[in-house]
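Q: Shown below is the structure under consideration.
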Amino acid sequence: AALGRKNWKEDETSRRTRLREGVPSATAASHGLTDEQKEFQKVAFDFAANEMAPHMAEWDQKEIFPVETMRKAAQLGFGGIYVQPDVGGSGLSRLDTSIIFEALSTGCVSTTAYISIHNMCAWMIDSYGNKEQREKFCPDLCSMEKFASYCLTEPGSGSDAASLLTSAQRKGDHYILNGSKAFISGGGDTDVYVVMCRTGGKGPKGISFGKKEKKVGWNSQPTRAVIFEDCAVPVANRLGEEGQGFNIAMKGLNGGRINIASCSLGAAHASVQLARDHLLVRKQFGETLSNNQFLQFKLAEMATKLVASRLLIREAAQALQEDRPDAVAICSMAKLFATDECFNICNQALQMHGGYGYLKDYAVQQFVRDIRVHQILEGTNEVMRMIISRNLLSES
Amino acid sequence: MSGRVLVGVKRVIDYAVKIRVKPDNTGVVTDGVKHSMNPFCEIAVEEAVKLKEKKLIKEVVAVSCGPQQSQETIRTALAMGADRGIHVDVSGKDYENLGPLQVSKILAALAKQEDAQLILLGKQAIDDDCNQTGQMTAALLDWPQGTFASEVSLEGDKINLVREIDGGLEHIKINTPAVITADLRLNTPRYATLPNIMDSLMNNETELHKPNHRTSLCVGLIPLFETVAPEDMQGGTDRSGAMLRHTVLQSGKPKRIILSCLCI
C-alpha cells in the first residue's frame, strides 16, 4: 500500500525505516493477531512510514511539534483510540491500542509517545467525566482539534506522586488552583490540561508556563513547567468526586504504561530491522558483518528479547481490558521489562552500526535517545519494582 | 444511468518485499509472503470513492478474482470507501493460469450483470506488468477506453480525460459507459480509517461468485516454461553513442547492451 505517495522512489529517510519483509521472520509484529488487528496495524505502519518517518529527524533537530501530522492521524481514528464512539472515539481495546502505538512508533517515537499521552487524557475524561464533561471535551480531543496534557509530576513530587502540593481551594462555583507542575509533555502548546491537585489542605493570575526544556530526546513535543497562581477552574470541570483524583490518576497510568512500553517496542522493532539490514550490507575483513558469529548471536538475543517484550505487553493489555486482578502488577511488569530491554536492543543496534550509528544521519541514534526516557516517566522502573514487589509481598 | 462503478482490485506481493524465485524455477515464492492491494488498483479505488463523494456516481463495487485471500483485498477497498465487494472465486490451477484475458472476460460479464456505468482499473499490476486488462475489457464490451489516466472529470454523460503518454499529455473526451485505467499521478490514495476498517469487517458486503462456463478460464493459456532471476550485472564498457554503433557494426557480433534492470 501507499506506493502512490512516494512516486515509487523511496527517499533516504523512509528507506531507513521502511520495514522490508520477505517471509515474515519470528520478529514480525503481526503474528497471532486477528484479521481486524492486522488491518489496524497495516494502516498504522503505513502512516508511520509515509507521514512520520521522513520527518522524524527534522522534528527532532528543529524541535517541531507536528500538529498537522497528528491531526491527520486523528482523522484516521488515532486521537481517542480507546475512547467510546459516542463522543468521537474509536472504541477499541487496549490490545488494539498497543498494536497501533507499536506500529506508529517505528515512524517517530517522540510524536507517538505524545499521541499516547493525549489518548490517556481523553480516556480519563471519557471514563470519569459526567455527561456534560464528556460531550464538552472528548469530541475535540478525539479529532485533535484540541490537544491535551497530563499534569501530575511536580518539582517536589515525582515518584512520590501522592505528596503533590498543588492545591485547589473551593470558592463558590470555582476552585482556585495554586502550585506548579514539572516536565509536562506538550505544556504551553496544548489546550486541555488534566491536572491532579489537592482539595483538602493548603492553598495571581492563573496559569503560566516555565521555559521550554532542552531534552536529549522527545524533541518533537515541548516540555514545560505549568504554573498555577490563583487559577480559577469551574467546579463543573472536576472529574469524579473530591478525594477520587489519585485513584483516577493511577488508573490512567496503567494504560499509559502499556502505551509507553508499546512505543519502546516499535523503536526496538525498527532498530532490529535497521541493524539486520546494516549487517547484510556492511563488509569488513572481506565479508558482510552478517557472517560474524558474535553479531549473529547478538542479533538473535535482540530478536528474542523483542518478542518477549511484545508478548508481555500484549498480555498486560489483555489483562487491563478484562480488568483482571493482576492487571496493575502485570502492566508494571510489562513497562519495566519492555522499556529496559528495548532500550538495550536499540543501544546494541547502534553499536552494530559502528561509527555510523553515532551520526544523526542515521535513525538508530534517535531511537536510542527517544526511548531512554521511557525507563523514567510514567513511573520510574524503580517504582515499577515497588508495585510488583508489593503485589508479591502483601498479605491480602 | 445506474451510477454504478466497478473497480477491479488485484492482490499482489507487496511492493516493498524482496522477491525470491522458487528453487525449482516454476515461479516466485508467494507462501507466507506479505501481499497487499496492487498500488495502481488503490489509485483506482480512490478515484471511484472521490467520484462518489462528489455525488457524480452512486455506488462503488470492488471486484477481485482469486482465491480466498482476495477477500482481504476487497476489505481494504471497503475500508477506503467502496460500498460493496464481489469476490470471484478462482483457486488452484485456474488461479495459476489467470491472466488479463480471463479477468477481462469476467469483468465484462460482471459489468453487464451489474449494469455498470464505468469500470475503473489500475493501469497494470506490479507482479506481471501486463497492462492489458483494461484494454481487453473495453474491447470485449465495445466500450471506449481512457488508459493511463492522470486526470478524470465527468461532464454529463461524457468523460474528460488526460492521459500520460510518451509524447506528453493527451486530452480526450469519451462517452460512457467506458473503461478507465489509473496512472500514478491520478490521485494520492487515502488511508483506511479505524472506523471504516471495523465497518468493513463487520458488514459482510462481499458476494461470492464462481465463474461459470461462459466466463471460461480455459481459453488462451500461456504456458510458463521457467522463471529465473536476472544474471548479476557485468561491468559495462564506457563508449559514446556513435562509437558504440561503429563498434557493433565492425565486429559483426551484437554486443550485449543492458537495456533495463529488473528490480529483484
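Naming scheme: A, B, ... for chains in displayed order of the C-alpha cells; residues 1 onward per chain; ligands 1 onward as shown.
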Could you tell me which residues of chain B sit within 6 Å of chain A when counting only C-alpha atoms, and give me the result as a PyMOL selection string?
A: chain B and resi 16-18+32-33+39+188+193-194
Q: Would you mind writing down, as number ranges by chain, each residue of region 143-381 of chain A that DSSP on the backbone assigns to strand (DSSP E or B)?
A: A: 148-151, 154, 157, 167-171, 174-185, 192-195, 198, 206-209, 223-234, 283-284, 287-288
Q: CA of Ile176 (chain A) to CA of Ile115 (chain A): how many Å, to one decimal?
A: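 Straight-line distance from CA of Ile176 (chain A) to CA of Ile115 (chain A) works out to 29.2 Å.
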Q: Can you pull out the residues contacting Thr206 (chain B)? Cut-off 7 Å, using only C-alpha atoms, and skip same-chain residues under 4 positions away; I want them as an MDAnalysis selection string.
A: chainID B and resid 84:87
Q: From the set B:Asp142, B:Asp199, B:Glu53, B:Asp129, which residue has the shortest atom-to-atom contact distance to Leu78 (chain B), counting only C-alpha atoms?
A: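 Looking only at the distances to Leu78 (chain B), the closest residue turns out to be B:Asp199.
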Q: Contacts of Glu207 (chain B) at 12 Å or less, counting only C-alpha atoms, minus same-chain residues fewer than 6 places along, as a list in words?
A: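 The filter keeps Val61, Ala62, Val63, Ser64, Cys65, Gln71, Ile74, Arg75, Asp83, Arg84, Gly85, Ile86, His87, Val88 and Asp89 of chain B.
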